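Take a look at the structure set out below.
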Amino acid sequence: MIQFNELELIPEIIKGLDDLGFETPMPIQEKVIPILLHKKNDLIGLAQTGTGKTAAFGIPILQQLDLHKRQTQALVLSPTRELCIQIARDIDSYAKYMKGVSVLPVYGGASIETQIRGLKKGAHIVVATPGRMLDLIRRKQTNFSQVQTVILDEADEMLNMGFRDELDGILAETPDTKRTGLFSATMPREIRDIASRYMHDPDEVTIQSKNRASDTLEHQFFIVSSSNRYQVLKRIVDFYPGIYGIVFCRTRRSTQEVADNLIQDGYNADALHGDLSQAQRDYVMQKFRRKNLNILVATDVAARGLDVTDLTHVINYELPDATETYIHRSGRTGRAGKSGISITLVGTRRRHAIKSFERKIGNTFKRVKVPTGKEVCGNQLFKLIDRVEKAEVNEALIAEYLPGIYQKFEALSREELIKHFVSLEFNRFLDYYEGAGDLEIKESAHLPSTRGKSRGRKNIHGSKTGSGDARFFINIGKTDKLTVPKLIGIIKEVTRSRNIPIGKIDILKNFSFFEANRDSIDLMLKSFKKAYYKGRKLNVELTKKPGKKQFRG
Ligand code: AMP
């Protein structure tokens with residue numbers, strides 16, 4: 001294993017790395033730093049986040065700066081604002097002992113004037129998101145004539161996010177003499193195209209991410225039907241008491257729906273997607289990073305800004321379309337020798353697609369049966385017992401209370417005491433799972449039909465909606481910060497009834513729809529006639545058929 005000082009780095013940088021606790025270079029740094037320092041070639045690095053690539057390109061950029069020139073000499077492009085800020089901060093920290101280095105993060109959603117001033121002052125290294133960078137170029141606020149290095153970080157993500165034209169525009173603005181480094185977790189054809197258009201004779205470096213090399217990542221799949229997908233998710237989450245994971249959904253709407261349902265069902269979950277404001281997204285990400293949230297329901301795009309990789313589980317609520325998406329998602333767990341599980345809920349009709357994923361990622365997916373209620377309870381129970389066994393006992397603090405406690409428990413035997421205490425913590429689970437059905441779908445069977453057994457169907461909250469649902473329109477939506485739990489609360493409050501079974505709820509931008517038992521139509525319409533929400537008069541109407549009513553929202 002080589003040391004940083006064997007990479008011919010200047011003492012200021014070695015000291016900076018030392019402060020960060022970087023003792024030896026990571027494999028990508030060992031390979032990439034000498035190329036960027038001593039060769040002139042372009043470079044392609046196939047590496048995921050978390051492999052140490054920021055330092056791999058950041059250190060050579062710093063070492064090659066001419067600090068006498070107050071001009072931009074390196075440009076790093078990255079897909080999201082969060083990543084951009086993080087890269088700039090990381091590079092700043094390597095340069096802690098270099099005098100006068102200026103690193104400027106440039107991204108959308110922040111004051112463009114401040115960024116223009118930073119560019120005018122001649123920031124040495126600009127770290128930018130493509131959209132804002134091109135905007136600044138078009139406003140003629142940049143001078144890239146002295147740029148020697150351009151880094152495209154997470155290039156596949158930038159293309160996925162539709163930044164192709166921006167990349168073209170930005171690269172055209174940089175001198176032909178520059179060298180380009182492209183880092184990507186995957187190498188789809190589009191990346192090869194970019195490489196062949198913009199790079200000359202690039203060196204290629206491939207870094208196996210740790211999870212692949214050490215095989216600590218397990219790929220599992222569950223077969224679900226559209227009607228039990230959410231119930232299966234809940235069961236999986238319940239089966240793993242210490243879960244810290246991301247549930248990936250396809251759309252913003254399903255993301256919000258799944259999160260709302262989980263919150264309503266008492267889970268410590270929240271949603272992260274593009275319909276939230278930047279401030280809301282920052283808040284959710286911070287909660288998740290600090291582990292104040294243990295389940296984050298997210299879209300791929302929104303989760304890109306989140307630098308959390310030590311998850312116990314990644315759950316694909318649906319099988320993603322692209323293998324690359326799957327690789328990115330699952331790469332957030334099973335890191336650094338820790339075990340991780342990537343779980344996919346796959347509909348019966350897409351079951352065959354698992355095979356093609358297996359081929360493409362070179363790993364097998366294990367078919368796992370949906371845990372039964374009994375298995376979930378068993379797991380939770382033993383986790384609880386384990387926690388009790390390992391609990392730290394602070395003798396000094398509890399000593400004064402113990403005599404009173406012993407006295408209270410005098411009449412109970414050891415066995416009885418254990419039973420009482422386990423029941424106290426555990427009755428909630430036992431109640432919920434008592435008589436819980438088998439959610440496992442037999443592979444060859446068609447979806448189980450509930451028709452004939454009961455005329456009512458189960459709504460999203462698991463209760464039955466008797467004589468059929470009516471669909472209502474209500475004139476508040478996301479812009480009023482309405483969520484599923486809030487709407488249910490409003491309905492209960494306004495109708496003064498806790499018993500109306502509420503069915504499917506669709507919260508849209510300026511209005512929403514909800515379904516409720518037909519028996520409630522009169523009560524619903526009458527009660528809402530005089531109802532207000534945040535000072536605004538509420539308007540609830542009955543819609544004829546789902547989706548038929550036309551609104552301009
Ligand atoms: P990155 O892939 O650049 O996001 O880096 C992943 C993580 O590894 C970050 O938390 C870095 O601070 C850390 N890291 C990078 N290089 C080293 C190193 N040589 N030694 C220890 N930690 C490192």
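Letters A, B, ... mark the chains of the structure tokens in the order given; residue numbers begin at 1 per chain; ligand numbers begin at 1, in order shown.
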Please provide the set of residues having any atom within 8 Å of Val106 of chain A, restricted to only C-alpha atoms, with same-chain residues fewer than 5 positions apart removed, written as a PDB file with C-alpha atoms, in the first residue's frame.
```pdb
ATOM      1  CA  CYS A  84     -21.581  20.761  -6.102  1.00  0.00           C
ATOM      2  CA  GLN A 115     -21.736  33.931  -8.103  1.00  0.00           C
ATOM      3  CA  VAL A 126     -15.290  26.601 -10.335  1.00  0.00           C
ATOM      4  CA  VAL A 127     -17.562  23.725  -9.288  1.00  0.00           C
ATOM      5  CA  ALA A 128     -20.872  24.058 -11.082  1.00  0.00           C
ATOM      6  CA  THR A 129     -24.172  22.490 -11.987  1.00  0.00           C
ATOM      7  CA  ARG A 132     -26.480  27.588 -13.959  1.00  0.00           C
ATOM      8  CA  MET A 133     -23.050  27.356 -15.586  1.00  0.00           C
TER       9      MET A 133
END
```
Q.
Please return as a ChimeraX atom specification the residues found within 8 Å of ligand 1, counting only C-alpha atoms and all ligand atoms.
A. /A:17,20-26,29,48-56,87,90,307
Q | Close residues, segment 484-486 of chain A itself excluded, 10 Å, only C-alpha atoms, min 5 positions apart in chain, as a list in words | A |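 Non-adjacent residues within range: Gln256, Glu257, Ala259, Asp260, Asn261, Ile263, Gln264, Asp265, Gly477, Ile491, Lys492, Lys504, Ile505, Asp506, Ile507, Ser512 and Phe514 of chain A.
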Q: Would you mind reading off the distance between atom CA of Leu182 of chain A and atom CA of Ala195 of chain A, one decimal, in Å?
A: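 Separation between atom CA of Leu182 of chain A and atom CA of Ala195 of chain A: 7.8 Å.
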Q) atom CA of Leu319 of chain A and atom CA of Arg351 of chain A are how many Å apart? A)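 Here the two named atoms are 9.2 Å from each other.
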Q | Surrounding residues of His328 of chain A excluding itself and chain neighbours under 5 positions, 10 Å, only C-alpha atoms, as a list in words | A |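 Answer for this query is Gln48, Thr49, Glu157, Ala185, Thr186, Asp300, Arg304, Thr323 and Thr333 of chain A.
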Q) Between A:Val247, A:Phe511, A:Glu82, A:Asn379, which one has atoms that come closest to Pro105 of chain A, using only C-alpha atoms? A)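 Closest residue, counting only C-alpha atoms: A:Glu82.
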